[in-house]
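Colleague: What follows is structure-v3.pdb; its format and atoms are PDB, C-alpha atoms.
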MODEL        1
ATOM      1  CA  MET F   9     -50.703  46.779 -70.561
ATOM      2  CA  GLN F  10     -48.969  44.515 -73.083
ATOM      3  CA  ASP F  11     -45.584  45.696 -71.808
ATOM      4  CA  GLU F  12     -46.592  44.780 -68.247
ATOM      5  CA  ILE F  13     -47.634  41.301 -69.346
ATOM      6  CA  GLU F  14     -44.374  40.762 -71.221
ATOM      7  CA  THR F  15     -42.361  42.013 -68.237
ATOM      8  CA  ALA F  16     -44.226  39.645 -65.903
ATOM      9  CA  GLU F  17     -43.567  36.741 -68.277
ATOM     10  CA  GLU F  18     -39.877  37.645 -68.525
ATOM     11  CA  ASN F  19     -39.609  37.849 -64.736
ATOM     12  CA  ALA F  20     -41.284  34.447 -64.392
ATOM     13  CA  VAL F  21     -38.822  32.940 -66.873
ATOM     14  CA  LEU F  22     -35.824  34.491 -65.102
ATOM     15  CA  ARG F  23     -37.117  33.282 -61.731
ATOM     16  CA  SER F  24     -37.551  29.774 -63.120
ATOM     17  CA  LEU F  25     -33.966  29.781 -64.410
ATOM     18  CA  ALA F  26     -32.658  31.174 -61.109
ATOM     19  CA  LEU F  27     -34.344  28.382 -59.147
ATOM     20  CA  LYS F  28     -32.872  25.779 -61.492
ATOM     21  CA  ALA F  29     -29.433  27.277 -60.870
ATOM     22  CA  VAL F  30     -29.706  26.945 -57.069
ATOM     23  CA  GLY F  31     -26.381  25.884 -55.560
ATOM     24  CA  MET F  32     -24.270  26.879 -58.554
ATOM     25  CA  THR F  33     -21.435  29.390 -58.243
ATOM     26  CA  GLY F  34     -21.153  32.555 -60.299
ATOM     27  CA  ALA F  35     -18.406  30.909 -62.343
ATOM     28  CA  ASP F  36     -20.634  27.882 -63.002
ATOM     29  CA  ILE F  37     -23.446  30.087 -64.268
ATOM     30  CA  GLU F  38     -21.087  32.164 -66.423
ATOM     31  CA  ARG F  39     -19.718  28.990 -68.040
ATOM     32  CA  LEU F  40     -23.212  27.602 -68.561
ATOM     33  CA  VAL F  41     -24.487  30.772 -70.263
ATOM     34  CA  ARG F  42     -21.390  30.886 -72.456
ATOM     35  CA  GLU F  43     -21.971  27.301 -73.597
ATOM     36  CA  ALA F  44     -25.663  28.004 -74.253
ATOM     37  CA  ARG F  45     -24.753  31.098 -76.285
ATOM     38  CA  GLN F  46     -22.275  29.067 -78.332
ATOM     39  CA  THR F  47     -24.987  26.517 -79.101
ATOM     40  CA  ALA F  48     -27.341  29.250 -80.303
ATOM     41  CA  ARG F  49     -24.587  30.876 -82.351
ATOM     42  CA  ARG F  50     -23.787  27.612 -84.127
ATOM     43  CA  GLN F  51     -27.440  27.310 -85.061
ATOM     44  CA  LYS F  52     -27.446  30.961 -86.222
ATOM     45  CA  ARG F  53     -30.237  32.137 -83.919
ATOM     46  CA  PRO F  54     -30.643  34.255 -80.770
ATOM     47  CA  LEU F  55     -30.037  32.774 -77.342
ATOM     48  CA  ALA F  56     -33.280  31.335 -75.958
ATOM     49  CA  TYR F  57     -34.622  30.248 -72.583
ATOM     50  CA  ASP F  58     -34.561  26.597 -73.663
ATOM     51  CA  ASP F  59     -30.811  26.807 -74.407
ATOM     52  CA  ILE F  60     -30.023  27.771 -70.817
ATOM     53  CA  LYS F  61     -32.587  25.358 -69.387
ATOM     54  CA  ALA F  62     -31.040  22.501 -71.371
ATOM     55  CA  ARG F  63     -27.578  23.316 -70.030
ATOM     56  CA  LEU F  64     -28.915  23.543 -66.468
ATOM     57  CA  ASP F  65     -30.570  20.137 -66.770
ATOM     58  CA  ALA F  66     -27.670  18.463 -68.596
ATOM     59  CA  GLY F  67     -25.457  17.990 -65.557
ATOM     60  CA  LYS F  68     -28.169  16.587 -63.299
ATOM     61  CA  PRO F  69     -28.982  12.880 -62.914
ATOM     62  CA  LYS F  70     -32.226  11.487 -64.292
ATOM     63  CA  ARG F  71     -34.408  10.000 -61.565
ATOM     64  CA  SER F  72     -37.583   7.959 -61.523
ATOM     65  CA  GLU F  73     -40.790   9.524 -60.230
ATOM     66  CA  ALA F  74     -40.644   7.215 -57.211
ATOM     67  CA  SER F  75     -37.154   8.466 -56.368
ATOM     68  CA  ARG F  76     -38.166  12.110 -56.852
ATOM     69  CA  TRP F  77     -41.218  11.617 -54.623
ATOM     70  CA  ARG F  78     -39.124  10.043 -51.849
ATOM     71  CA  ARG F  79     -36.683  12.931 -52.023
ATOM     72  CA  ALA F  80     -39.548  15.421 -51.918
ATOM     73  CA  VAL F  81     -41.054  13.774 -48.822
ATOM     74  CA  HIS F  82     -37.620  13.625 -47.180
ATOM     75  CA  GLU F  83     -36.817  17.312 -47.677
ATOM     76  CA  ALA F  84     -40.354  18.323 -46.719
ATOM     77  CA  GLY F  85     -39.832  16.481 -43.422
ATOM     78  CA  HIS F  86     -36.656  18.463 -42.755
ATOM     79  CA  ALA F  87     -38.359  21.776 -43.550
ATOM     80  CA  VAL F  88     -41.378  21.106 -41.352
ATOM     81  CA  ALA F  89     -39.311  19.974 -38.351
ATOM     82  CA  ARG F  90     -36.874  22.845 -38.679
ATOM     83  CA  HIS F  91     -39.717  25.354 -38.767
ATOM     84  CA  HIS F  92     -41.665  23.743 -35.913
ATOM     85  CA  LEU F  93     -38.605  23.553 -33.670
ATOM     86  CA  GLY F  94     -37.741  27.218 -34.274
ATOM     87  CA  LEU F  95     -34.329  26.564 -35.795
ATOM     88  CA  GLY F  96     -34.394  29.607 -38.047
ATOM     89  CA  THR F  97     -36.116  30.654 -41.255
ATOM     90  CA  VAL F  98     -36.291  28.127 -44.077
ATOM     91  CA  GLU F  99     -35.116  30.056 -47.147
ATOM     92  CA  LEU F 100     -35.108  27.358 -49.791
ATOM     93  CA  VAL F 101     -35.890  23.677 -50.351
ATOM     94  CA  THR F 102     -34.829  21.737 -53.432
ATOM     95  CA  ILE F 103     -34.770  18.177 -54.735
ATOM     96  CA  ASN F 104     -32.680  19.051 -57.790
ATOM     97  CA  GLY F 105     -30.042  21.616 -56.929
ATOM     98  CA  ALA F 106     -26.497  21.732 -58.257
ATOM     99  CA  SER F 107     -25.451  18.243 -59.412
ATOM    100  CA  GLY F 108     -28.946  17.047 -58.525
ATOM    101  CA  LYS F 109     -28.504  17.515 -54.773
ATOM    102  CA  SER F 110     -31.479  17.734 -52.406
ATOM    103  CA  TYR F 111     -31.365  19.949 -49.326
ATOM    104  CA  VAL F 112     -32.996  22.555 -47.104
ATOM    105  CA  ASP F 113     -31.255  25.901 -46.699
ATOM    106  CA  GLY F 114     -31.858  28.843 -44.386
ATOM    107  CA  GLN F 115     -30.667  31.110 -41.624
ATOM    108  CA  VAL F 116     -29.974  29.636 -38.188
ATOM    109  CA  ASP F 117     -30.724  32.342 -35.631
ATOM    110  CA  VAL F 118     -30.470  30.407 -32.371
ATOM    111  CA  ASP F 119     -27.741  29.839 -29.783
ATOM    112  CA  ALA F 120     -25.938  26.727 -31.000
ATOM    113  CA  ASP F 121     -24.223  26.223 -27.618
ATOM    114  CA  MET F 122     -27.405  25.202 -25.809
ATOM    115  CA  GLU F 123     -28.059  21.496 -25.283
ATOM    116  CA  ASP F 124     -31.739  21.744 -26.146
ATOM    117  CA  VAL F 125     -30.948  23.536 -29.400
ATOM    118  CA  LEU F 126     -28.380  20.914 -30.387
ATOM    119  CA  THR F 127     -30.929  18.223 -29.522
ATOM    120  CA  ALA F 128     -33.468  20.010 -31.724
ATOM    121  CA  ARG F 129     -30.931  20.014 -34.549
ATOM    122  CA  ILE F 130     -30.567  16.252 -34.184
ATOM    123  CA  VAL F 131     -34.354  15.911 -34.414
ATOM    124  CA  SER F 132     -34.467  18.056 -37.562
ATOM    125  CA  MET F 133     -31.644  16.043 -39.135
ATOM    126  CA  LEU F 134     -33.580  12.818 -38.560
ATOM    127  CA  ALA F 135     -36.890  14.349 -39.675
ATOM    128  CA  GLY F 136     -36.354  13.521 -43.357
ATOM    129  CA  ARG F 137     -36.044   9.838 -42.542
ATOM    130  CA  ALA F 138     -39.037  10.113 -40.192
ATOM    131  CA  ALA F 139     -41.181  11.724 -42.906
ATOM    132  CA  GLU F 140     -40.343   8.855 -45.264
ATOM    133  CA  GLU F 141     -41.420   6.341 -42.637
ATOM    134  CA  ILE F 142     -44.706   8.122 -41.909
ATOM    135  CA  VAL F 143     -45.642   8.897 -45.526
ATOM    136  CA  LEU F 144     -44.055   6.008 -47.439
ATOM    137  CA  GLY F 145     -44.150   3.248 -44.833
ATOM    138  CA  LYS F 146     -40.409   2.868 -44.403
ATOM    139  CA  PRO F 147     -37.291   4.995 -44.851
ATOM    140  CA  GLY F 148     -34.897   4.597 -47.746
ATOM    141  CA  LEU F 149     -31.105   4.671 -47.576
ATOM    142  CA  GLY F 150     -30.768   8.375 -48.382
ATOM    143  CA  SER F 151     -30.417   9.561 -44.788
ATOM    144  CA  GLY F 152     -27.262   7.510 -44.223
ATOM    145  CA  GLY F 153     -24.158   6.513 -46.123
ATOM    146  CA  SER F 154     -21.460   9.164 -46.294
ATOM    147  CA  GLU F 155     -19.851  11.106 -43.467
ATOM    148  CA  HIS F 156     -21.895  14.118 -44.618
ATOM    149  CA  SER F 157     -25.238  12.293 -44.366
ATOM    150  CA  ASP F 158     -28.067  13.137 -41.976
ATOM    151  CA  LEU F 159     -27.310  10.129 -39.787
ATOM    152  CA  ALA F 160     -23.607  10.942 -39.640
ATOM    153  CA  LYS F 161     -24.201  14.585 -38.689
ATOM    154  CA  ALA F 162     -26.823  13.671 -36.093
ATOM    155  CA  THR F 163     -24.511  11.054 -34.573
ATOM    156  CA  GLU F 164     -21.640  13.548 -34.503
ATOM    157  CA  ILE F 165     -23.683  16.043 -32.481
ATOM    158  CA  ALA F 166     -25.019  13.354 -30.132
ATOM    159  CA  LEU F 167     -21.473  12.082 -29.598
ATOM    160  CA  ALA F 168     -20.235  15.577 -28.779
ATOM    161  CA  LEU F 169     -23.059  16.009 -26.247
ATOM    162  CA  GLU F 170     -22.000  12.794 -24.517
ATOM    163  CA  THR F 171     -18.238  13.259 -24.616
ATOM    164  CA  ILE F 172     -16.994  16.847 -24.786
ATOM    165  CA  PHE F 173     -19.739  19.392 -24.034
ATOM    166  CA  GLY F 174     -20.285  18.489 -20.370
ATOM    167  CA  THR F 175     -23.834  17.323 -21.054
ATOM    168  CA  SER F 176     -23.410  13.578 -20.593
ATOM    169  CA  ARG F 177     -26.302  12.185 -18.569
ATOM    170  CA  LYS F 178     -24.021   9.833 -16.622
ATOM    171  CA  HIS F 179     -20.681  11.683 -16.436
ATOM    172  CA  PRO F 180     -21.421  15.375 -17.117
ATOM    173  CA  LEU F 181     -18.053  16.622 -15.798
ATOM    174  CA  LEU F 182     -15.925  14.142 -17.697
ATOM    175  CA  HIS F 183     -14.200  15.052 -20.959
ATOM    176  CA  VAL F 184     -14.262  11.458 -22.172
ATOM    177  CA  LYS F 185     -11.987  11.825 -25.191
ATOM    178  CA  THR F 186      -9.241  13.125 -22.930
ATOM    179  CA  VAL F 187      -9.552  10.482 -20.214
ATOM    180  CA  PHE F 188     -10.467   7.406 -22.263
ATOM    181  CA  PRO F 189      -9.010   7.824 -25.726
ATOM    182  CA  HIS F 190      -8.760   4.063 -26.381
ATOM    183  CA  ASN F 191     -10.789   2.341 -23.650
ATOM    184  CA  GLN F 192     -13.150  -0.309 -25.072
ATOM    185  CA  THR F 193     -15.469  -0.318 -22.050
ATOM    186  CA  ALA F 194     -15.841   3.440 -22.197
ATOM    187  CA  THR F 195     -16.406   3.266 -25.965
ATOM    188  CA  THR F 196     -19.242   0.760 -25.572
ATOM    189  CA  GLU F 197     -20.865   2.825 -22.832
ATOM    190  CA  ILE F 198     -20.622   5.987 -24.935
ATOM    191  CA  ALA F 199     -22.075   4.227 -27.966
ATOM    192  CA  LYS F 200     -25.117   3.183 -25.936
ATOM    193  CA  ALA F 201     -25.590   6.711 -24.588
ATOM    194  CA  VAL F 202     -25.272   8.231 -28.064
ATOM    195  CA  ASN F 203     -27.698   5.717 -29.531
ATOM    196  CA  LYS F 204     -30.208   6.492 -26.763
ATOM    197  CA  ARG F 205     -30.062  10.186 -27.644
ATOM    198  CA  LEU F 206     -30.579   9.356 -31.312
ATOM    199  CA  GLU F 207     -33.519   7.046 -30.590
ATOM    200  CA  GLU F 208     -35.204   9.697 -28.435
ATOM    201  CA  ALA F 209     -34.651  12.317 -31.122
ATOM    202  CA  TYR F 210     -36.009  10.028 -33.819
ATOM    203  CA  LYS F 211     -39.134   9.382 -31.744
ATOM    204  CA  LYS F 212     -39.698  13.141 -31.631
ATOM    205  CA  ALA F 213     -39.038  13.431 -35.371
ATOM    206  CA  LEU F 214     -41.656  10.745 -36.025
ATOM    207  CA  GLU F 215     -44.181  12.604 -33.883
ATOM    208  CA  ILE F 216     -43.589  15.829 -35.791
ATOM    209  CA  ALA F 217     -43.915  14.057 -39.145
ATOM    210  CA  ARG F 218     -47.099  12.343 -37.990
ATOM    211  CA  TRP F 219     -48.627  15.505 -36.482
ATOM    212  CA  PHE F 220     -47.861  17.655 -39.522
ATOM    213  CA  LYS F 221     -48.251  14.980 -42.181
ATOM    214  CA  ALA F 222     -50.646  17.151 -44.215
ATOM    215  CA  VAL F 223     -48.053  19.947 -44.392
ATOM    216  CA  VAL F 224     -45.303  17.477 -45.303
ATOM    217  CA  LEU F 225     -47.471  16.181 -48.149
ATOM    218  CA  GLN F 226     -48.307  19.696 -49.329
ATOM    219  CA  ILE F 227     -44.637  20.700 -49.508
ATOM    220  CA  ALA F 228     -43.636  17.379 -51.099
ATOM    221  CA  LYS F 229     -46.228  17.808 -53.850
ATOM    222  CA  GLU F 230     -44.983  21.336 -54.546
ATOM    223  CA  LEU F 231     -41.412  20.047 -54.713
ATOM    224  CA  LEU F 232     -42.395  17.260 -57.076
ATOM    225  CA  ALA F 233     -43.946  19.810 -59.417
ATOM    226  CA  LEU F 234     -41.420  22.667 -59.123
ATOM    227  CA  GLU F 235     -38.283  20.920 -57.767
ATOM    228  CA  THR F 236     -37.210  24.061 -55.884
ATOM    229  CA  LEU F 237     -39.216  26.263 -53.521
ATOM    230  CA  ASP F 238     -37.922  29.720 -52.609
ATOM    231  CA  ARG F 239     -38.564  31.509 -49.318
ATOM    232  CA  GLY F 240     -41.928  32.947 -50.320
ATOM    233  CA  LYS F 241     -43.286  29.622 -51.512
ATOM    234  CA  ILE F 242     -42.001  27.516 -48.636
ATOM    235  CA  GLN F 243     -43.084  30.019 -45.966
ATOM    236  CA  LYS F 244     -46.573  30.027 -47.467
ATOM    237  CA  CYS F 245     -46.674  26.256 -47.032
ATOM    238  CA  LEU F 246     -45.256  26.399 -43.515
ATOM    239  CA  LYS F 247     -47.528  29.128 -42.171
ATOM    240  CA  SER F 248     -50.168  26.554 -41.203
ATOM    241  CA  ILE F 249     -47.770  25.095 -38.628
ATOM    242  CA  VAL F 250     -48.505  26.366 -35.140
ATOM    243  CA  GLN F 251     -45.634  26.310 -32.670
ATOM    244  CA  VAL F 252     -47.854  24.840 -29.946
ATOM    245  CA  GLY F 253     -50.215  21.882 -29.787
ATOM    246  CA  LEU F 254     -47.755  19.028 -30.208
ATOM    247  CA  SER F 255     -47.563  16.485 -27.380
ATOM    248  CA  SER F 256     -45.161  17.435 -24.622
ATOM    249  CA  SER F 257     -42.915  14.503 -25.481
ATOM    250  CA  CYS F 258     -42.209  16.173 -28.810
ATOM    251  CA  VAL F 259     -41.321  19.605 -27.482
ATOM    252  CA  VAL F 260     -37.529  19.874 -27.432
TER     253      VAL F 260
ENDMDL
END
Reformat the file's structure so that it appears as structure tokens.
Modeller:
Amino acid sequence: MQDEIETAEENAVLRSLALKAVGMTGADIERLVREARQTARRQKRPLAYDDIKARLDAGKPKRSEASRWRRAVHEAGHAVARHHLGLGTVELVTINGASGKSYVDGQVDVDADMEDVLTARIVSMLAGRAAEEIVLGKPGLGSGGSEHSDLAKATEIALALETIFGTSRKHPLLHVKTVFPHNQTATTEIAKAVNKRLEEAYKKALEIARWFKAVVLQIAKELLALETLDRGKIQKCLKSIVQVGLSSSCVV
């Protein structure tokens, strides 16, 4: 019985360390363990859990509770929208991955060539910002900024739908980048069409965040406490989401 308890405790410790190492490469982990072992050796004692934990936490930025909560709400919004829209299984959500990054990870098991699926992806990309607006009153700056941001990725997909995929609402048979590579009038028209797609998608993201606010809050609270949720934990939180019942304007 005692052996079983000790094994369970060891497994819990290893799982905790594994979740803290989310996003790191095998080489990163090998280097980290080596450094932790060197620290223990200098102090003439066995390697301990706290040695590895300290090394895992050392390279991550320190954030205020307000910042951590906003990140938790943001990622919870992504997870909820992705699950509701059927964009694949959410495998992991973290607000403190490698280098302190926050993200949702999982398998995408849908046809990415369909317009409605790409539109759903835009909605899910904007869902973090939407969750912030619904829960916190207004969105922060985290969804925009770099070319790898949520806003940038959503805009890139919306632009492709309007210019190269044959799904433009006004000129569906026109490959705009080929015909109008430097035409200002065409550029302005495209910008308006892209922005309209983004506004419609954001409206849907807001509806999802509002409809499933309780689930967003549940996941955000778990993230605030644990920082990283694995598949089992996140799926347990998401199971209360039913794929029907949302207003028709929010069904992509």
Colleague: Give the answer as one residue: which of F:Lys109, F:His92, F:Leu126, F:Asn203 has the shortest atom-to-atom distance to Leu169 of chain F, using only C-alpha atoms?
Modeller: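 That would be F:Leu126, the residue with the smallest distance to Leu169 of chain F.
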Colleague: Check which residues of segment 124-226 of chain F sit at most 12 Å from segment 245-248 of chain F using only C-alpha atoms, and return one row each with the closest pair of atoms and their distance in Å to one decimal, ordered by chain and rising number, as a tab-separated table.
Modeller:
residue	atom	partner	partner_atom	distance
F:Phe220	CA	F:Ser248	CA	9.3
F:Lys221	CA	F:Ser248	CA	11.8
F:Ala222	CA	F:Ser248	CA	9.9
F:Val223	CA	F:Cys245	CA	7.0
F:Val224	CA	F:Cys245	CA	9.1
F:Leu225	CA	F:Cys245	CA	10.2
F:Gln226	CA	F:Cys245	CA	7.1
Colleague: Name the closest residue to Arg78 of chain F among the candidates F:Glu207, F:Glu140, F:Glu43, F:Glu164; distances are taken between atoms, counting only C-alpha atoms.
Modeller: F:Glu140
Colleague: I'd like the contact shell of Leu93 of chain F - 7 Å cut-off, all atoms listed in the file, skipping same-chain residues fewer than 3 positions apart - returned as number ranges by chain.
Modeller: F: 89-90, 128
Colleague: What is the atom CA of Asp124 of chain F-atom CA of Pro147 of chain F distance in Å, reported with one decimal?
Modeller: 25.7 Å
Colleague: Grab the atom CA of Ala74 of chain F to atom CA of Ser110 of chain F distance for me, in Å with one decimal place.
Modeller: 14.8 Å
Colleague: Might you spell out which residues the PyMOL selection byres ((chain F and resi 227-232) around 8) would select in the displayed file, as a list in words?
Modeller: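 Residues picked by the PyMOL selection byres ((chain F and resi 227-232) around 8): Arg76, Trp77, Ala80, Val81, Glu83, Ala84, Val101, Thr102, Ile103, Val223, Val224, Leu225, Gln226, Ala233, Leu234, Glu235, Thr236, Leu237, Ile242 and Cys245 of chain F.
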Colleague: So how far away is atom CA of Ala162 of chain F from atom CA of Met133 of chain F, in Å?
Modeller: 6.2 Å
Colleague: So which one's closest to Gly94 of chain F, F:Arg239, F:Thr47, F:Leu182, F:Ile249? Using all atoms listed in the file, please.
Modeller: F:Ile249
Colleague: Selection in question (the file shown): the PyMOL selection byres ((chain F and resi 98) around 9). Which residues does it include, as an MDAnalysis selection string?
Modeller: chainID F and resid 87 90:91 95:97 99:101 112:116 238:239 242:243
Colleague: Might you spell out which residues the PyMOL selection byres ((chain F and resi 175) around 12) would select in the displayed file, as a list of chain:residue names?
Modeller: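 Output of the PyMOL selection byres ((chain F and resi 175) around 12): F:Asp121, F:Met122, F:Glu123, F:Asp124, F:Leu126, F:Thr127, F:Ile165, F:Ala166, F:Leu167, F:Ala168, F:Leu169, F:Glu170, F:Thr171, F:Ile172, F:Phe173, F:Gly174, F:Ser176, F:Arg177, F:Lys178, F:His179, F:Pro180, F:Leu181, F:Leu182, F:His183, F:Val184, F:Ala201, F:Val202, F:Arg205.
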Colleague: Based on the selection just made, write C-alpha atoms of those residues as a short mmCIF file (atom, residue, chain, number, x, y, z; two decimals), in the coordinates of the input.
Modeller:
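Generated file (again-v8.cif):
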data_model
loop_
_atom_site.label_atom_id
_atom_site.label_comp_id
_atom_site.auth_asym_id
_atom_site.auth_seq_id
_atom_site.Cartn_x
_atom_site.Cartn_y
_atom_site.Cartn_z
CA ASP F 121 -24.22 26.22 -27.62
CA MET F 122 -27.40 25.20 -25.81
CA GLU F 123 -28.06 21.50 -25.28
CA ASP F 124 -31.74 21.74 -26.15
CA LEU F 126 -28.38 20.91 -30.39
CA THR F 127 -30.93 18.22 -29.52
CA ILE F 165 -23.68 16.04 -32.48
CA ALA F 166 -25.02 13.35 -30.13
CA LEU F 167 -21.47 12.08 -29.60
CA ALA F 168 -20.24 15.58 -28.78
CA LEU F 169 -23.06 16.01 -26.25
CA GLU F 170 -22.00 12.79 -24.52
CA THR F 171 -18.24 13.26 -24.62
CA ILE F 172 -16.99 16.85 -24.79
CA PHE F 173 -19.74 19.39 -24.03
CA GLY F 174 -20.28 18.49 -20.37
CA SER F 176 -23.41 13.58 -20.59
CA ARG F 177 -26.30 12.18 -18.57
CA LYS F 178 -24.02 9.83 -16.62
CA HIS F 179 -20.68 11.68 -16.44
CA PRO F 180 -21.42 15.38 -17.12
CA LEU F 181 -18.05 16.62 -15.80
CA LEU F 182 -15.92 14.14 -17.70
CA HIS F 183 -14.20 15.05 -20.96
CA VAL F 184 -14.26 11.46 -22.17
CA ALA F 201 -25.59 6.71 -24.59
CA VAL F 202 -25.27 8.23 -28.06
CA ARG F 205 -30.06 10.19 -27.64
#
